[in-house]
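coords-v2.cif, holding mmCIF, C-alpha atoms:
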data_query
loop_
_atom_site.group_PDB
_atom_site.id
_atom_site.type_symbol
_atom_site.label_atom_id
_atom_site.label_comp_id
_atom_site.auth_asym_id
_atom_site.auth_seq_id
_atom_site.Cartn_x
_atom_site.Cartn_y
_atom_site.Cartn_z
ATOM 1 C CA MET A 280 71.864 121.909 99.079
ATOM 2 C CA HIS A 281 75.396 121.920 100.502
ATOM 3 C CA ILE A 282 76.135 118.245 101.213
ATOM 4 C CA PRO A 283 77.858 117.917 104.610
ATOM 5 C CA ASP A 284 80.569 115.428 105.567
ATOM 6 C CA GLY A 285 79.252 111.974 106.395
ATOM 7 C CA PHE A 286 76.363 111.794 103.900
ATOM 8 C CA LEU A 287 78.326 110.482 100.920
ATOM 9 C CA ALA A 288 79.979 107.065 100.715
ATOM 10 C CA THR A 289 83.785 107.203 100.503
ATOM 11 C CA PRO A 290 84.036 106.035 96.852
ATOM 12 C CA VAL A 291 81.511 108.720 95.828
ATOM 13 C CA TRP A 292 83.139 111.715 97.555
ATOM 14 C CA ALA A 293 86.674 110.566 96.790
ATOM 15 C CA ALA A 294 85.954 110.144 93.069
ATOM 16 C CA LEU A 295 84.274 113.553 92.875
ATOM 17 C CA ASP A 296 87.097 115.264 94.806
ATOM 18 C CA LEU A 297 89.613 113.769 92.397
ATOM 19 C CA ALA A 298 87.553 114.785 89.367
ATOM 20 C CA ALA A 299 86.958 118.334 90.632
ATOM 21 C CA ILE A 300 90.640 119.307 90.830
ATOM 22 C CA PRO A 301 91.502 119.091 87.099
ATOM 23 C CA ALA A 302 88.037 120.353 86.189
ATOM 24 C CA VAL A 303 88.502 123.561 88.206
ATOM 25 C CA GLY A 304 92.002 123.911 86.688
ATOM 26 C CA TYR A 305 90.437 123.711 83.239
ATOM 27 C CA PHE A 306 87.960 126.498 84.058
ATOM 28 C CA VAL A 307 90.735 128.699 85.469
ATOM 29 C CA ARG A 308 92.582 128.404 82.135
ATOM 30 C CA ARG A 309 89.378 129.040 80.234
ATOM 31 C CA THR A 310 88.743 132.179 82.290
ATOM 32 C CA GLN A 311 92.265 133.335 81.484
ATOM 33 C CA ALA A 312 91.682 132.846 77.762
ATOM 34 C CA GLY A 313 88.644 135.097 77.553
ATOM 35 C CA PHE A 314 89.548 137.505 80.328
ATOM 36 C CA ASP A 315 88.557 141.164 80.173
ATOM 37 C CA GLU A 316 90.753 143.251 82.502
ATOM 38 C CA SER A 317 88.073 145.810 83.237
ATOM 39 C CA ARG A 318 86.076 143.111 85.036
ATOM 40 C CA VAL A 319 88.571 142.490 87.865
ATOM 41 C CA PRO A 320 86.594 144.430 90.530
ATOM 42 C CA LEU A 321 83.375 142.745 89.397
ATOM 43 C CA LEU A 322 84.871 139.308 90.197
ATOM 44 C CA GLY A 323 85.314 140.385 93.821
ATOM 45 C CA VAL A 324 82.041 142.246 94.209
ATOM 46 C CA MET A 325 79.843 139.543 92.631
ATOM 47 C CA GLY A 326 81.563 136.769 94.618
ATOM 48 C CA ALA A 327 80.905 138.692 97.838
ATOM 49 C CA PHE A 328 77.319 139.456 96.781
ATOM 50 C CA VAL A 329 76.443 135.830 96.034
ATOM 51 C CA PHE A 330 78.071 134.701 99.296
ATOM 52 C CA ALA A 331 75.943 137.246 101.204
ATOM 53 C CA ALA A 332 72.782 136.295 99.325
ATOM 54 C CA GLN A 333 73.369 132.615 100.176
ATOM 55 C CA MET A 334 73.222 133.530 103.873
ATOM 56 C CA ILE A 335 69.626 134.727 103.599
ATOM 57 C CA ASN A 336 67.255 131.767 103.752
ATOM 58 C CA PHE A 337 63.656 132.246 102.684
ATOM 59 C CA PRO A 338 60.798 129.889 103.562
ATOM 60 C CA VAL A 339 59.853 127.280 100.946
ATOM 61 C CA GLY A 340 56.569 125.763 102.071
ATOM 62 C CA VAL A 341 56.092 124.618 105.651
ATOM 63 C CA GLY A 342 59.172 123.964 107.759
ATOM 64 C CA THR A 343 61.705 124.221 104.933
ATOM 65 C CA SER A 344 63.850 127.030 103.648
ATOM 66 C CA GLY A 345 66.007 127.742 100.646
ATOM 67 C CA HIS A 346 68.390 130.424 99.538
ATOM 68 C CA LEU A 347 69.696 131.843 96.306
ATOM 69 C CA VAL A 348 72.495 129.658 94.946
ATOM 70 C CA GLY A 349 73.464 132.255 92.352
ATOM 71 C CA GLY A 350 75.009 130.107 89.609
ATOM 72 C CA THR A 351 72.961 131.762 86.873
ATOM 73 C CA LEU A 352 73.519 135.248 88.273
ATOM 74 C CA LEU A 353 77.289 134.719 88.317
ATOM 75 C CA ALA A 354 77.301 133.130 84.840
ATOM 76 C CA LEU A 355 75.384 136.039 83.297
ATOM 77 C CA THR A 356 77.588 138.708 84.896
ATOM 78 C CA LEU A 357 81.090 137.179 84.988
ATOM 79 C CA GLY A 358 80.728 134.667 82.168
ATOM 80 C CA PRO A 359 80.327 130.952 82.901
ATOM 81 C CA ALA A 360 84.021 130.019 83.179
ATOM 82 C CA ALA A 361 84.842 132.792 85.679
ATOM 83 C CA ALA A 362 81.546 132.075 87.452
ATOM 84 C CA THR A 363 82.609 128.436 87.938
ATOM 85 C CA VAL A 364 85.874 129.552 89.569
ATOM 86 C CA VAL A 365 84.185 132.159 91.791
ATOM 87 C CA MET A 366 81.452 129.706 92.867
ATOM 88 C CA THR A 367 84.157 127.134 93.678
ATOM 89 C CA ALA A 368 85.820 129.764 95.894
ATOM 90 C CA ILE A 369 82.497 130.509 97.620
ATOM 91 C CA LEU A 370 81.876 126.803 98.317
ATOM 92 C CA THR A 371 85.442 126.317 99.559
ATOM 93 C CA VAL A 372 85.225 129.269 101.966
ATOM 94 C CA GLN A 373 81.818 128.068 103.179
ATOM 95 C CA ALA A 374 83.205 124.579 103.886
ATOM 96 C CA LEU A 375 86.491 125.656 105.504
ATOM 97 C CA VAL A 376 85.481 128.797 107.398
ATOM 98 C CA PHE A 377 81.752 128.413 108.041
ATOM 99 C CA GLN A 378 81.423 124.611 108.102
ATOM 100 C CA ASP A 379 78.548 124.784 105.629
ATOM 101 C CA GLY A 380 79.033 121.872 103.255
ATOM 102 C CA GLY A 381 81.545 119.144 103.946
ATOM 103 C CA ILE A 382 85.250 119.229 103.238
ATOM 104 C CA THR A 383 85.242 115.663 101.916
ATOM 105 C CA ALA A 384 82.033 116.535 100.014
ATOM 106 C CA LEU A 385 83.568 119.670 98.486
ATOM 107 C CA GLY A 386 84.177 117.972 95.129
ATOM 108 C CA ALA A 387 80.520 116.902 94.999
ATOM 109 C CA ASN A 388 79.283 120.376 95.948
ATOM 110 C CA VAL A 389 81.591 121.973 93.357
ATOM 111 C CA LEU A 390 80.332 119.595 90.675
ATOM 112 C CA ASN A 391 76.680 120.216 91.618
ATOM 113 C CA MET A 392 76.631 123.968 92.161
ATOM 114 C CA ALA A 393 79.782 125.471 90.609
ATOM 115 C CA MET A 394 79.820 123.362 87.453
ATOM 116 C CA ALA A 395 76.329 122.022 86.724
ATOM 117 C CA GLY A 396 74.650 124.935 88.544
ATOM 118 C CA VAL A 397 76.555 127.566 86.611
ATOM 119 C CA TRP A 398 76.569 125.979 83.141
ATOM 120 C CA LEU A 399 72.950 124.768 83.246
ATOM 121 C CA GLY A 400 71.980 128.251 84.403
ATOM 122 C CA TYR A 401 73.841 129.783 81.484
ATOM 123 C CA LEU A 402 72.439 127.375 78.883
ATOM 124 C CA PRO A 403 68.943 128.861 78.281
ATOM 125 C CA CYS A 404 70.370 132.352 77.628
ATOM 126 C CA ARG A 405 73.041 130.925 75.355
ATOM 127 C CA LEU A 406 70.427 128.939 73.399
ATOM 128 C CA ALA A 407 67.985 131.857 73.231
ATOM 129 C CA GLY A 408 70.772 134.142 71.988
ATOM 130 C CA GLY A 409 69.156 137.312 73.333
ATOM 131 C CA ALA A 410 65.553 136.493 72.423
ATOM 132 C CA LYS A 411 63.007 136.332 75.258
ATOM 133 C CA ARG A 412 65.775 137.318 77.619
ATOM 134 C CA ARG A 413 63.706 137.487 80.806
ATOM 135 C CA ALA A 414 62.169 134.040 80.249
ATOM 136 C CA ALA A 415 65.602 132.592 79.459
ATOM 137 C CA VAL A 416 67.102 134.031 82.652
ATOM 138 C CA PHE A 417 64.207 132.678 84.711
ATOM 139 C CA ALA A 418 64.528 129.241 83.095
ATOM 140 C CA GLY A 419 68.272 129.369 83.777
ATOM 141 C CA GLY A 420 67.679 130.034 87.479
ATOM 142 C CA TRP A 421 65.224 127.177 87.752
ATOM 143 C CA ILE A 422 67.219 124.573 85.832
ATOM 144 C CA SER A 423 70.399 125.563 87.668
ATOM 145 C CA VAL A 424 68.891 124.681 91.055
ATOM 146 C CA PHE A 425 66.893 121.694 89.859
ATOM 147 C CA GLY A 426 69.851 120.223 87.959
ATOM 148 C CA ALA A 427 72.183 120.682 90.929
ATOM 149 C CA ALA A 428 69.598 119.047 93.207
ATOM 150 C CA LEU A 429 69.209 116.132 90.773
ATOM 151 C CA LEU A 430 72.973 115.540 90.851
ATOM 152 C CA ALA A 431 73.134 115.859 94.653
ATOM 153 C CA THR A 432 70.262 113.378 94.997
ATOM 154 C CA THR A 433 71.967 110.946 92.631
ATOM 155 C CA GLU A 434 75.149 111.138 94.727
ATOM 156 C CA LEU A 435 73.130 110.532 97.904
ATOM 157 C CA SER A 436 71.343 107.633 96.227
ATOM 158 C CA LEU A 437 74.687 106.079 95.189
ATOM 159 C CA SER A 438 75.708 106.449 98.839
ATOM 160 C CA ARG A 439 72.547 104.562 99.855
ATOM 161 C CA VAL A 440 71.458 107.033 102.531
ATOM 162 C CA ALA A 441 67.734 106.335 102.038
ATOM 163 C CA PRO A 442 65.324 104.489 99.707
ATOM 164 C CA ASP A 443 65.380 106.069 96.245
ATOM 165 C CA ARG A 444 61.724 106.839 95.729
ATOM 166 C CA PRO A 445 61.139 109.103 98.767
ATOM 167 C CA LEU A 446 64.653 110.539 98.440
ATOM 168 C CA PHE A 447 64.199 111.679 94.832
ATOM 169 C CA ALA A 448 60.565 112.724 95.349
ATOM 170 C CA SER A 449 61.259 114.944 98.332
ATOM 171 C CA MET A 450 64.572 116.424 97.159
ATOM 172 C CA LEU A 451 63.299 117.205 93.655
ATOM 173 C CA GLY A 452 59.921 118.432 94.933
ATOM 174 C CA ILE A 453 61.472 120.960 97.314
ATOM 175 C CA HIS A 454 64.070 122.122 94.811
ATOM 176 C CA ALA A 455 61.513 122.483 92.021
ATOM 177 C CA VAL A 456 59.934 125.176 94.231
ATOM 178 C CA THR A 457 63.260 126.683 95.347
ATOM 179 C CA GLY A 458 64.213 126.892 91.658
ATOM 180 C CA LEU A 459 61.194 129.131 90.937
ATOM 181 C CA ILE A 460 62.370 131.574 93.602
ATOM 182 C CA GLU A 461 65.940 131.349 92.262
ATOM 183 C CA GLY A 462 64.607 132.199 88.787
ATOM 184 C CA ALA A 463 62.603 135.184 90.050
ATOM 185 C CA ILE A 464 65.474 136.594 92.149
ATOM 186 C CA THR A 465 67.927 136.105 89.275
ATOM 187 C CA VAL A 466 65.674 138.008 86.842
ATOM 188 C CA ALA A 467 65.215 140.881 89.311
ATOM 189 C CA ALA A 468 68.892 141.066 90.316
ATOM 190 C CA LEU A 469 70.133 140.907 86.737
ATOM 191 C CA GLU A 470 67.744 143.646 85.613
ATOM 192 C CA ALA A 471 68.848 145.860 88.501
ATOM 193 C CA ILE A 472 72.516 145.226 87.702
ATOM 194 C CA GLY A 473 71.916 145.860 83.994
ATOM 195 C CA ARG A 474 70.277 149.212 84.813
ATOM 196 C CA LEU A 475 73.209 150.180 87.059
ATOM 197 C CA SER A 476 75.744 149.327 84.390
ATOM 198 C CA PRO A 477 74.955 147.463 81.149
ATOM 199 C CA LYS A 478 78.657 146.565 80.970
ATOM 200 C CA PHE A 479 78.177 144.224 83.929
ATOM 201 C CA ILE A 480 76.009 141.893 81.870
ATOM 202 C CA PHE A 481 78.129 139.205 80.242
ATOM 203 C CA ARG A 482 78.021 139.186 76.452
ATOM 204 C CA GLU A 483 79.860 136.379 74.831
ATOM 205 C CA GLU A 484 81.553 136.768 71.480
ATOM 206 C CA LEU A 485 80.234 133.621 69.891
ATOM 207 C CA PRO A 486 82.982 131.436 68.440
ATOM 208 C CA MET B 216 80.799 151.752 86.383
ATOM 209 C CA LYS B 217 82.468 152.624 89.677
ATOM 210 C CA ARG B 218 79.192 153.864 91.094
ATOM 211 C CA ALA B 219 77.504 150.630 90.061
ATOM 212 C CA LEU B 220 80.157 148.586 91.885
ATOM 213 C CA TRP B 221 79.625 150.643 95.028
ATOM 214 C CA VAL B 222 75.869 150.104 94.853
ATOM 215 C CA ILE B 223 76.287 146.301 94.589
ATOM 216 C CA ALA B 224 78.838 146.401 97.420
ATOM 217 C CA ALA B 225 76.427 148.420 99.598
ATOM 218 C CA VAL B 226 73.609 145.936 98.948
ATOM 219 C CA THR B 227 76.013 143.093 99.850
ATOM 220 C CA VAL B 228 76.926 144.711 103.174
ATOM 221 C CA GLY B 229 73.231 145.466 103.800
ATOM 222 C CA LEU B 230 72.393 141.783 103.253
ATOM 223 C CA VAL B 231 74.867 140.536 105.860
ATOM 224 C CA LEU B 232 74.087 143.311 108.370
ATOM 225 C CA PHE B 233 70.304 143.407 108.109
ATOM 226 C CA GLY B 234 69.177 140.582 105.804
ATOM 227 C CA VAL B 235 70.278 138.040 108.414
ATOM 228 C CA LEU B 236 67.596 139.444 110.759
ATOM 229 C CA LEU B 237 64.903 138.429 108.264
ATOM 230 C CA ALA B 238 66.369 135.051 107.256
ATOM 231 C CA SER B 239 64.233 131.953 107.786
ATOM 232 C CA ALA B 240 65.532 129.607 110.481
ATOM 233 C CA PHE B 241 63.863 126.547 108.920
ATOM 234 C CA PRO B 242 66.272 123.826 107.718
ATOM 235 C CA ASP B 243 67.127 123.944 104.005
ATOM 236 C CA GLY B 244 65.844 121.364 101.528
ATOM 237 C CA LEU B 245 68.593 118.788 102.036
ATOM 238 C CA ALA B 246 68.623 119.146 105.847
ATOM 239 C CA ARG B 247 64.840 118.772 105.897
ATOM 240 C CA VAL B 248 64.905 115.638 103.715
ATOM 241 C CA ALA B 249 67.775 114.199 105.794
ATOM 242 C CA GLY B 250 65.646 114.687 108.928
ATOM 243 C CA ASP B 251 62.467 113.281 107.368
ATOM 244 C CA LEU B 252 64.177 110.205 105.887
ATOM 245 C CA GLY B 253 66.341 109.556 108.944
ATOM 246 C CA PHE B 254 69.867 110.059 107.608
ATOM 247 C CA ALA B 255 70.609 113.396 109.319
ATOM 248 C CA GLY B 256 72.557 111.522 112.000
ATOM 249 C CA ARG B 257 75.220 110.516 109.468
ATOM 250 C CA GLN B 258 76.439 114.100 109.346
ATOM 251 C CA SER B 259 79.931 114.534 110.722
ATOM 252 C CA SER B 260 82.438 117.314 110.570
ATOM 253 C CA VAL B 261 85.954 116.740 109.343
ATOM 254 C CA ALA B 262 86.971 120.332 110.133
ATOM 255 C CA ALA B 263 88.059 121.252 113.631
ATOM 256 C CA GLY B 264 85.691 123.824 115.146
ATOM 257 C CA SER B 265 85.990 127.032 113.177
ATOM 258 C CA PRO B 266 85.233 130.221 115.169
ATOM 259 C CA PHE B 267 82.756 131.085 112.396
ATOM 260 C CA ALA B 268 80.956 127.711 112.202
ATOM 261 C CA GLY B 269 77.319 127.971 111.127
ATOM 262 C CA TYR B 270 77.798 131.616 110.066
ATOM 263 C CA GLU B 271 77.978 132.742 113.714
ATOM 264 C CA THR B 272 81.133 134.182 115.217
ATOM 265 C CA ARG B 273 81.773 132.396 118.480
ATOM 266 C CA PHE B 274 82.719 135.391 120.661
ATOM 267 C CA PHE B 275 79.456 137.324 120.433
ATOM 268 C CA HIS B 276 76.496 136.925 122.775
ATOM 269 C CA SER B 277 74.093 138.696 120.465
ATOM 270 C CA ARG B 278 72.956 136.429 117.651
ATOM 271 C CA TRP B 279 72.732 139.363 115.258
ATOM 272 C CA ALA B 280 76.309 140.479 116.000
ATOM 273 C CA ALA B 281 77.527 136.885 115.634
ATOM 274 C CA GLN B 282 75.834 136.461 112.245
ATOM 275 C CA ALA B 283 76.601 139.913 110.858
ATOM 276 C CA SER B 284 80.285 139.696 111.807
ATOM 277 C CA ALA B 285 80.574 136.223 110.253
ATOM 278 C CA GLY B 286 78.940 137.608 107.115
ATOM 279 C CA VAL B 287 81.409 140.503 106.988
ATOM 280 C CA VAL B 288 84.312 138.037 107.301
ATOM 281 C CA GLY B 289 82.887 136.026 104.389
ATOM 282 C CA ILE B 290 82.370 138.966 102.050
ATOM 283 C CA VAL B 291 85.864 140.331 102.793
ATOM 284 C CA ILE B 292 87.447 136.934 101.985
ATOM 285 C CA LEU B 293 85.461 136.541 98.770
ATOM 286 C CA TYR B 294 86.047 140.088 97.604
ATOM 287 C CA GLY B 295 89.763 139.552 98.271
ATOM 288 C CA PHE B 296 89.737 136.269 96.374
ATOM 289 C CA GLY B 297 88.004 137.800 93.346
ATOM 290 C CA VAL B 298 90.374 140.738 93.110
ATOM 291 C CA LEU B 299 93.510 138.604 93.627
ATOM 292 C CA PHE B 300 92.300 136.064 91.086
ATOM 293 C CA GLY B 301 91.525 138.844 88.592
ATOM 294 C CA ARG B 302 94.914 140.483 89.093
ATOM 295 C CA THR B 303 96.691 137.148 88.658
ATOM 296 C CA LEU B 304 94.874 136.626 85.363
ATOM 297 C CA LYS B 305 95.811 140.154 84.288
ATOM 298 C CA ARG B 306 99.489 139.607 85.145
ATOM 299 C CA ASN B 307 99.665 136.314 83.275
ATOM 300 C CA LYS B 308 97.968 137.649 80.194
#

As structure tokens - that is how I would like this structure written.
Amino acid sequence: MHIPDGFLATPVWAALDLAAIPAVGYFVRRTQAGFDESRVPLLGVMGAFVFAAQMINFPVGVGTSGHLVGGTLLALTLGPAAATVVMTAILTVQALVFQDGGITALGANVLNMAMAGVWLGYLPCRLAGGAKRRAAVFAGGWISVFGAALLATTELSLSRVAPDRPLFASMLGIHAVTGLIEGAITVAALEAIGRLSPKFIFREELP
Amino acid sequence: MKRALWVIAAVTVGLVLFGVLLASAFPDGLARVAGDLGFAGRQSSVAAGSPFAGYETRFFHSRWAAQASAGVVGIVILYGFGVLFGRTLKRNK
């Protein structure tokens, strides 16, 4: 779902690049406010883990693949604000070093996956407040990918790359399936991490 | 807690060393749709050629070595970022 350079119209990518800078700054400050010092190594290890997991594509139907995006997994281990910053770092490294995702499109990709992907993924667990935890994590994984895909498709539509109907139908269809796999992997990974160390699961002190 | 971190780190290294051998080579959702709907040709690259473009280090002949080494570079950078970011937060607290 990483949008490359060239797909988005200049007003679309430029506006999103401009919007992303203060937004990421806001999440850095928010991470600072609720920061727990014992979680410093976890920031590095989970960022590296999600980067690695994003390299492994799995087949989604015929002739298409997907990979874990990891917004929900990061949100439920690091907390959503730190997860936004770490996912922004992952997307930036992918664009600059690995040429996966455009540099001009970085603001769009940050908005889609680091902001919407993380916070939508966190939402079901926050709303459920601990009840039906597994279902909430799964729902978080699905909505994280589907929501990010919906935003990406809207940006592509605004850039007039293709007629809306087939664009939305195919993008949302594929990512509805990818989201199911994201949900399943997130549940399994989070349970494994929770068994290794329950401290690694993010618990928010509700305001 | 330390043991748990090492286990996650080991899985991460395992993913980039061996997971890449199992990864699907099919295009991802957006690339597939771009091909099907005929806008794939709009793709351009603003960045000058990185030696790690496409998650393959340029200097290796073996595809596995190219992918695994690129993966190692990525996890080292992101681990470094996380720890530096965390320490900066700690210092400014």

Exercise for the section: Residues of chain A near chain B: apply a cut-off of 6 Å, count only C-alpha atoms, and supply the list as a list in words. Expected result: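 Selected residues: Met280, Asp284, Gly285, Phe286, Gln311, Val319, Pro320, Leu322, Gly323, Val324, Gly326, Ala327, Phe328, Ala331, Ile335, Asn336, Phe337, Pro338, Gly342, Thr343, Ser344, Gly345, Phe377, Gln378, Leu475 and Ser476 of chain A.
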
Practice task
Excluding Ala293 in chain A and residues on its chain fewer than 5 positions from it, collect all residues at most 12 Å away from it, counting all atoms listed in the file, and give them as a PyMOL selection string.
Solution key: chain A and resi 284+287-288+298-300+382-387+434+438

Problem - Chain and number of each residue from the PyMOL selection byres ((chain A and resi 429) around 12), as a ChimeraX atom specification - result: /A:280,390-392,395-396,422-428,430-436,446-455,458 /B:245

Requested write-out: C-alpha atoms of the selected residues, as a PDB file, in the coordinates of the input:
ATOM      1  CA  MET A 280      71.864 121.909  99.079  1.00  0.00           C
ATOM      2  CA  LEU A 390      80.332 119.595  90.675  1.00  0.00           C
ATOM      3  CA  ASN A 391      76.680 120.216  91.618  1.00  0.00           C
ATOM      4  CA  MET A 392      76.631 123.968  92.161  1.00  0.00           C
ATOM      5  CA  ALA A 395      76.329 122.022  86.724  1.00  0.00           C
ATOM      6  CA  GLY A 396      74.650 124.935  88.544  1.00  0.00           C
ATOM      7  CA  ILE A 422      67.219 124.573  85.832  1.00  0.00           C
ATOM      8  CA  SER A 423      70.399 125.563  87.668  1.00  0.00           C
ATOM      9  CA  VAL A 424      68.891 124.681  91.055  1.00  0.00           C
ATOM     10  CA  PHE A 425      66.893 121.694  89.859  1.00  0.00           C
ATOM     11  CA  GLY A 426      69.851 120.223  87.959  1.00  0.00           C
ATOM     12  CA  ALA A 427      72.183 120.682  90.929  1.00  0.00           C
ATOM     13  CA  ALA A 428      69.598 119.047  93.207  1.00  0.00           C
ATOM     14  CA  LEU A 430      72.973 115.540  90.851  1.00  0.00           C
ATOM     15  CA  ALA A 431      73.134 115.859  94.653  1.00  0.00           C
ATOM     16  CA  THR A 432      70.262 113.378  94.997  1.00  0.00           C
ATOM     17  CA  THR A 433      71.967 110.946  92.631  1.00  0.00           C
ATOM     18  CA  GLU A 434      75.149 111.138  94.727  1.00  0.00           C
ATOM     19  CA  LEU A 435      73.130 110.532  97.904  1.00  0.00           C
ATOM     20  CA  SER A 436      71.343 107.633  96.227  1.00  0.00           C
ATOM     21  CA  LEU A 446      64.653 110.539  98.440  1.00  0.00           C
ATOM     22  CA  PHE A 447      64.199 111.679  94.832  1.00  0.00           C
ATOM     23  CA  ALA A 448      60.565 112.724  95.349  1.00  0.00           C
ATOM     24  CA  SER A 449      61.259 114.944  98.332  1.00  0.00           C
ATOM     25  CA  MET A 450      64.572 116.424  97.159  1.00  0.00           C
ATOM     26  CA  LEU A 451      63.299 117.205  93.655  1.00  0.00           C
ATOM     27  CA  GLY A 452      59.921 118.432  94.933  1.00  0.00           C
ATOM     28  CA  ILE A 453      61.472 120.960  97.314  1.00  0.00           C
ATOM     29  CA  HIS A 454      64.070 122.122  94.811  1.00  0.00           C
ATOM     30  CA  ALA A 455      61.513 122.483  92.021  1.00  0.00           C
ATOM     31  CA  GLY A 458      64.213 126.892  91.658  1.00  0.00           C
TER      32      GLY A 458
ATOM     33  CA  LEU B 245      68.593 118.788 102.036  1.00  0.00           C
TER      34      LEU B 245
END

Exercise for the section: I would like the residues chosen by the PyMOL selection byres ((chain A and resi 303) around 12) on the shown file; could you give them as a list in words? Expected result: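 For this structure, the PyMOL selection byres ((chain A and resi 303) around 12) resolves to Leu295, Asp296, Leu297, Ala298, Ala299, Ile300, Pro301, Ala302, Gly304, Tyr305, Phe306, Val307, Arg308, Arg309, Thr310, Ala360, Ala361, Ala362, Thr363, Val364, Val365, Met366, Thr367, Ala368, Gly386, Val389, Leu390, Ala393 and Met394 of chain A.
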
Practice task
Find the distance between CA of Trp279 in chain B and CA of Val348 in chain A and write it in Å to one decimal.
Solution key: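 These atoms are spaced 22.5 Å apart.
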
Practice task
Report the distance between CA of Asn388 in chain A and CA of His281 in chain A in Å, rounded to one decimal place.
Solution key: 6.2 Å

Practice task
Have a look at CA of Thr356 in chain A and CA of Pro283 in chain A and let me know their distance in Å, one decimal.
Solution key: 28.7 Å

Problem - Output check: residues returned by the PyMOL selection byres ((chain A and resi 413-416) around 12), as a VMD selection string - result: chain A and resid 349 to 356 399 to 412 417 to 423 458 to 459 461 to 470 480
